[in-house]
Amino acid sequence: MLSRKMWYTVMAALIVASTLLGACAATSTPVPEAPEATQPPAAALAVGVVLPTKNEPRWIQDETRFKDAFAAAGYDVQILFSDGDSAKERSNVESLINQGVKVIVICPQDATAAGAAAAEARDAGVKVISYDRLIRDTDAVDYYVTFDSVEVGKLQGGYLVDHATGTGNPLYLYAGAASDNNAFLFFEGAWDMLQPKIADGTFVIKNSSEAVALQDKATLTRDEMGQIIGQVTTDWDFAVAKNLAEANLTAATAADKGDVFILAPNDGTSRSIADVFAADADVTSYVITGQDAEEPSIQYIIDGKQTMTVLKDVRTLVADAIAASVAYLTGGTPEETTTYNNGVIDVPAKPSEVIAVDQSNVVSAVIDSGYWPASDFTGLP
Ligand code: BGC
C-alpha cells in the first residue's frame with residue numbers, strides 16, 4: 001500500500017504534471033475567447049506510455065493504474081499497446097515522437113529490439129524511461145522505473161525452500177521469456193535461494209538437464225542462465241507454459257511426481273502450469289509460485305489452486321514513472337538509488353519493494369491495502 005507520505009508525493013507530482021502535460025489534456029480553465037485553445041493539436045502532449053500487450057492482465061493493470069493516476073489530476077495520457085510486436089512498438093514510439101512528446105515511458109516487448117525505438121526517441125530529444133522491463137544494448141535509456149526483480153525471484157525461490165522438508169523433493173523449474181531482461185533477474189533471485197537446497201539434496205530438479213548440469217554453481221553467468229531459460233522458458237505465454245508442463249509430466253515417471261515444488265515465473269503461467277499438475281494423478285500435492293497479484297491468481301490462491309504470488313504494487317510503479325517524467329519536464333533528474341547495467345550503460349533506477357502473498361496474508365496485502373476490492377472474489381477467508 002502506498003504510504004500517506006508517498007501519496008502526498010504522488011499528488012504533488014501530479015499537480016506539477018498537470019501544468020506540464022500540455023493543453024491537449026482536459027483543462028478546468030478553458031479560455032472562452034480562444035476556442036481553439038480547448039481543442040489544441042495533439043502535438044502539445046508531453047508524455048506517452050507504450051505497453052507490451054493487452055493479452056495479459058498484468059499490463060491491463062498498468063493501463064488502468066496510469067489512467068487512474070492521470071485522471072486524478074484531471075488529465076489524459078496517451079497509452080499505446082504494442083500487441084507483443086516490436087515493429088508495432090516502434091511505430092507507437094514514432095507516433096508519440098510525431099505528436100511532440102517530451103518523455104516516453106516504454107515497457108519493451110523485446111529488450112534489445114526496443115533499442116532502435118529508444119535511439120529514435122533520443123535523437124528526437126525525447127527522454128526515454130524504461131518501464132518495468134529494461135531496454136538493453138543501447139545508451140538511449142535515461143531512467144529505469146522498476147520493482148526489485150531479483151527480490152521477486154528470491155521471494156519465489158525462498159517460498160519453495162520454506163515449504164520443503166526432508167530430501168529428494170521433486171523440483172520443476174519454469175522461466176519467463178528470454179527476450180525479457182526480467183526473466184534473468186527473476187531466475188537469478190530464485191536460483192540464489194534454491195541452489196543451496198539443490199546442492200544439499202532438499203530438491204531434485206526434474207525438468208531441466210541444463211539446470212542439473214549447473215546445479216553445483218552458486219552463481220550463474222548470464223549465458224549460463226540463458227542455457228537454462230532456453231530449456232524451461234514459457235515465453236510468458238499461457239499456452240507455451242501449458243504445453244511445456246504437459247511435456248515435462250509426460251516425460252517424468254511417477255517417482256518424479258508425488259509432492260512437487262514448482263518455480264513458475266508469473267501468475268499467468270502459474271495458473272496454466274498449476275492446472276496441468278493438478279490434473280496429473282501421480283501428483284499428490286504441489287507448491288507453486290507466481291507474481292503480479294493478478295485477480296484470477298488471487299482467486300486461485302483463495303481456492304488453494306496456486307500457492308503464492310508476489311505483489312508488485314503497480315500504483316507505486318506508475319507513481320514513480322510520473323514522478324520521473326515530471327522531473328525531466330521540469331529540467332530535473334529522477335531519484336536514483338541504484339543502477340542496472342543494460343549491456344552498454346548503467347541505467348539509473350529506484351527499484352520498488354515487493355511482497356510475497358499467500359493464503360495467510362492475502363486479505364491484508366491485497367484487499368485491505370485497496371489493491372483489489374473484496375467484491376471481486378468469492379470465498380475470501
Ligand atoms: C513483468 C511481469 C510480467 C511478465 C510477463 C515481466 O517483465 O515484470 O510482471 O508478468 O513480464 O508479462
# chains A, B, ... in the order shown; residues from 1 in each chain; ligands from 1
>>> residues_near_ligand(ligand="ligand 1", cutoff="10 Å", atoms="only C-alpha atoms and all ligand atoms", output="number ranges by chain")
A: 51-59, 62, 84, 107-111, 131-134, 146-149, 152, 176-177, 179-186, 234-237, 265-269, 290-294, 310-312, 314
>>> residues_around(residues="Asp200 of chain A", least_positions_apart="4", cutoff="9 Å", atoms="only C-alpha atoms", output="list in words")
Thr167, Gln195 and Pro196 of chain A
>>> write_last_selection(atoms="N, CA and C atoms", output="PDB file, in the first residue's frame")
ATOM      1  N   THR A 167      14.378 -34.627   2.121  1.00  0.00           N
ATOM      2  CA  THR A 167      15.223 -34.553   0.931  1.00  0.00           C
ATOM      3  C   THR A 167      14.499 -35.195  -0.261  1.00  0.00           C
ATOM      4  N   GLN A 195      19.507 -22.908  -5.144  1.00  0.00           N
ATOM      5  CA  GLN A 195      20.715 -23.688  -5.428  1.00  0.00           C
ATOM      6  C   GLN A 195      21.310 -24.368  -4.182  1.00  0.00           C
ATOM      7  N   PRO A 196      21.424 -23.655  -3.044  1.00  0.00           N
ATOM      8  CA  PRO A 196      21.971 -24.348  -1.864  1.00  0.00           C
ATOM      9  C   PRO A 196      21.119 -25.551  -1.451  1.00  0.00           C
TER      10      PRO A 196
END
>>> atom_distance(atom1="atom CA of Thr378 of chain A", atom2="atom CA of Asp303 of chain A")
8.8 Å
>>> select_by_dssp(residues="segment 256-308 of chain A", states="helix (DSSP H, G or I)", output="PyMOL selection string")
chain A and resi 256+267-278+295-302
>>> closest_atom_pairs(of="segment 87-178 of chain A", to="segment 244-253 of chain A", cutoff="10 Å", atoms="only C-alpha atoms", output="Markdown table")
| residue | atom | partner | partner_atom | distance |
| --- | --- | --- | --- | --- |
| A:Tyr172 | CA | A:Asn248 | CA | 8.6 |
| A:Leu173 | CA | A:Ala245 | CA | 9.7 |
| A:Tyr174 | CA | A:Ala245 | CA | 8.7 |
>>> residues_around(residues="Ala114 of chain A", least_positions_apart="2", cutoff="10 Å", atoms="only C-alpha atoms", output="ChimeraX atom specification")
/A:86-87,89-90,93,106-112,116-119,130,134-138
>>> write_last_selection(atoms="N, CA, C and O atoms", output="PDB file, in the first residue's frame")
ATOM      1  N   SER A  86       7.467  -5.993 -31.747  1.00  0.00           N
ATOM      2  CA  SER A  86       8.460  -4.913 -31.659  1.00  0.00           C
ATOM      3  C   SER A  86       8.275  -3.871 -32.763  1.00  0.00           C
ATOM      4  O   SER A  86       8.576  -2.682 -32.560  1.00  0.00           O
ATOM      5  N   ALA A  87       7.794  -4.297 -33.949  1.00  0.00           N
ATOM      6  CA  ALA A  87       7.583  -3.332 -35.039  1.00  0.00           C
ATOM      7  C   ALA A  87       6.449  -2.372 -34.676  1.00  0.00           C
ATOM      8  O   ALA A  87       6.547  -1.153 -34.899  1.00  0.00           O
ATOM      9  N   GLU A  89       5.605  -1.653 -31.653  1.00  0.00           N
ATOM     10  CA  GLU A  89       6.155  -0.835 -30.570  1.00  0.00           C
ATOM     11  C   GLU A  89       6.893   0.371 -31.154  1.00  0.00           C
ATOM     12  O   GLU A  89       6.732   1.507 -30.707  1.00  0.00           O
ATOM     13  N   ARG A  90       7.694   0.103 -32.189  1.00  0.00           N
ATOM     14  CA  ARG A  90       8.464   1.194 -32.782  1.00  0.00           C
ATOM     15  C   ARG A  90       7.539   2.221 -33.440  1.00  0.00           C
ATOM     16  O   ARG A  90       7.757   3.424 -33.321  1.00  0.00           O
ATOM     17  N   VAL A  93       6.122   4.373 -30.793  1.00  0.00           N
ATOM     18  CA  VAL A  93       7.090   5.380 -30.327  1.00  0.00           C
ATOM     19  C   VAL A  93       7.177   6.509 -31.350  1.00  0.00           C
ATOM     20  O   VAL A  93       7.170   7.698 -30.998  1.00  0.00           O
ATOM     21  N   ILE A 106       8.452   3.468 -21.832  1.00  0.00           N
ATOM     22  CA  ILE A 106       8.328   2.258 -22.663  1.00  0.00           C
ATOM     23  C   ILE A 106       8.552   1.005 -21.824  1.00  0.00           C
ATOM     24  O   ILE A 106       9.575   0.874 -21.157  1.00  0.00           O
ATOM     25  N   CYS A 107       7.617   0.071 -21.907  1.00  0.00           N
ATOM     26  CA  CYS A 107       7.864  -1.276 -21.387  1.00  0.00           C
ATOM     27  C   CYS A 107       8.138  -2.156 -22.606  1.00  0.00           C
ATOM     28  O   CYS A 107       7.214  -2.476 -23.364  1.00  0.00           O
ATOM     29  N   PRO A 108       9.391  -2.523 -22.836  1.00  0.00           N
ATOM     30  CA  PRO A 108       9.743  -3.179 -24.101  1.00  0.00           C
ATOM     31  C   PRO A 108       9.176  -4.583 -24.232  1.00  0.00           C
ATOM     32  O   PRO A 108       9.193  -5.357 -23.281  1.00  0.00           O
ATOM     33  N   GLN A 109       8.703  -4.873 -25.413  1.00  0.00           N
ATOM     34  CA  GLN A 109       8.305  -6.244 -25.744  1.00  0.00           C
ATOM     35  C   GLN A 109       9.539  -7.136 -25.788  1.00  0.00           C
ATOM     36  O   GLN A 109       9.561  -8.216 -25.224  1.00  0.00           O
ATOM     37  N   ASP A 110      10.557  -6.645 -26.468  1.00  0.00           N
ATOM     38  CA  ASP A 110      11.822  -7.372 -26.593  1.00  0.00           C
ATOM     39  C   ASP A 110      12.922  -6.393 -26.185  1.00  0.00           C
ATOM     40  O   ASP A 110      13.045  -5.314 -26.787  1.00  0.00           O
ATOM     41  N   ALA A 111      13.692  -6.756 -25.168  1.00  0.00           N
ATOM     42  CA  ALA A 111      14.637  -5.830 -24.543  1.00  0.00           C
ATOM     43  C   ALA A 111      15.593  -5.196 -25.546  1.00  0.00           C
ATOM     44  O   ALA A 111      15.840  -3.990 -25.510  1.00  0.00           O
ATOM     45  N   THR A 112      16.139  -6.003 -26.442  1.00  0.00           N
ATOM     46  CA  THR A 112      17.156  -5.500 -27.366  1.00  0.00           C
ATOM     47  C   THR A 112      16.525  -4.819 -28.576  1.00  0.00           C
ATOM     48  O   THR A 112      16.998  -3.768 -29.017  1.00  0.00           O
ATOM     49  N   ALA A 116      16.265   0.288 -30.844  1.00  0.00           N
ATOM     50  CA  ALA A 116      16.165   1.151 -32.025  1.00  0.00           C
ATOM     51  C   ALA A 116      15.118   2.239 -31.802  1.00  0.00           C
ATOM     52  O   ALA A 116      15.330   3.407 -32.159  1.00  0.00           O
ATOM     53  N   ALA A 117      14.000   1.858 -31.193  1.00  0.00           N
ATOM     54  CA  ALA A 117      12.945   2.845 -30.914  1.00  0.00           C
ATOM     55  C   ALA A 117      13.453   3.868 -29.895  1.00  0.00           C
ATOM     56  O   ALA A 117      13.206   5.078 -30.031  1.00  0.00           O
ATOM     57  N   ALA A 118      14.188   3.368 -28.888  1.00  0.00           N
ATOM     58  CA  ALA A 118      14.728   4.268 -27.865  1.00  0.00           C
ATOM     59  C   ALA A 118      15.708   5.255 -28.496  1.00  0.00           C
ATOM     60  O   ALA A 118      15.695   6.454 -28.181  1.00  0.00           O
ATOM     61  N   ALA A 119      16.541   4.756 -29.420  1.00  0.00           N
ATOM     62  CA  ALA A 119      17.522   5.624 -30.078  1.00  0.00           C
ATOM     63  C   ALA A 119      16.822   6.692 -30.920  1.00  0.00           C
ATOM     64  O   ALA A 119      17.257   7.849 -30.954  1.00  0.00           O
ATOM     65  N   SER A 130      12.555   3.561 -19.246  1.00  0.00           N
ATOM     66  CA  SER A 130      12.279   2.130 -19.393  1.00  0.00           C
ATOM     67  C   SER A 130      11.391   1.735 -18.214  1.00  0.00           C
ATOM     68  O   SER A 130      11.728   2.014 -17.061  1.00  0.00           O
ATOM     69  N   LEU A 134      13.818  -3.637 -18.597  1.00  0.00           N
ATOM     70  CA  LEU A 134      14.937  -2.804 -19.028  1.00  0.00           C
ATOM     71  C   LEU A 134      15.175  -2.942 -20.536  1.00  0.00           C
ATOM     72  O   LEU A 134      15.231  -4.067 -21.064  1.00  0.00           O
ATOM     73  N   ILE A 135      15.316  -1.814 -21.215  1.00  0.00           N
ATOM     74  CA  ILE A 135      15.722  -1.810 -22.623  1.00  0.00           C
ATOM     75  C   ILE A 135      17.229  -2.047 -22.635  1.00  0.00           C
ATOM     76  O   ILE A 135      17.982  -1.370 -21.933  1.00  0.00           O
ATOM     77  N   ARG A 136      17.667  -3.030 -23.421  1.00  0.00           N
ATOM     78  CA  ARG A 136      19.074  -3.439 -23.368  1.00  0.00           C
ATOM     79  C   ARG A 136      19.857  -3.003 -24.615  1.00  0.00           C
ATOM     80  O   ARG A 136      19.294  -2.696 -25.665  1.00  0.00           O
ATOM     81  N   ASP A 137      21.191  -3.039 -24.429  1.00  0.00           N
ATOM     82  CA  ASP A 137      22.145  -2.908 -25.534  1.00  0.00           C
ATOM     83  C   ASP A 137      22.025  -1.585 -26.281  1.00  0.00           C
ATOM     84  O   ASP A 137      22.157  -1.537 -27.508  1.00  0.00           O
ATOM     85  N   THR A 138      21.775  -0.524 -25.549  1.00  0.00           N
ATOM     86  CA  THR A 138      21.733   0.823 -26.120  1.00  0.00           C
ATOM     87  C   THR A 138      22.079   1.811 -25.021  1.00  0.00           C
ATOM     88  O   THR A 138      21.871   1.519 -23.850  1.00  0.00           O
TER      89      THR A 138
END
>>> atom_distance(atom1="atom CA of Glu210 of chain A", atom2="atom CA of Gln231 of chain A")
7.3 Å
>>> residues_around(residues="segment 277-284 of chain A", least_positions_apart="6", cutoff="7 Å", atoms="only C-alpha atoms", output="PyMOL selection string")
chain A and resi 254+257-259
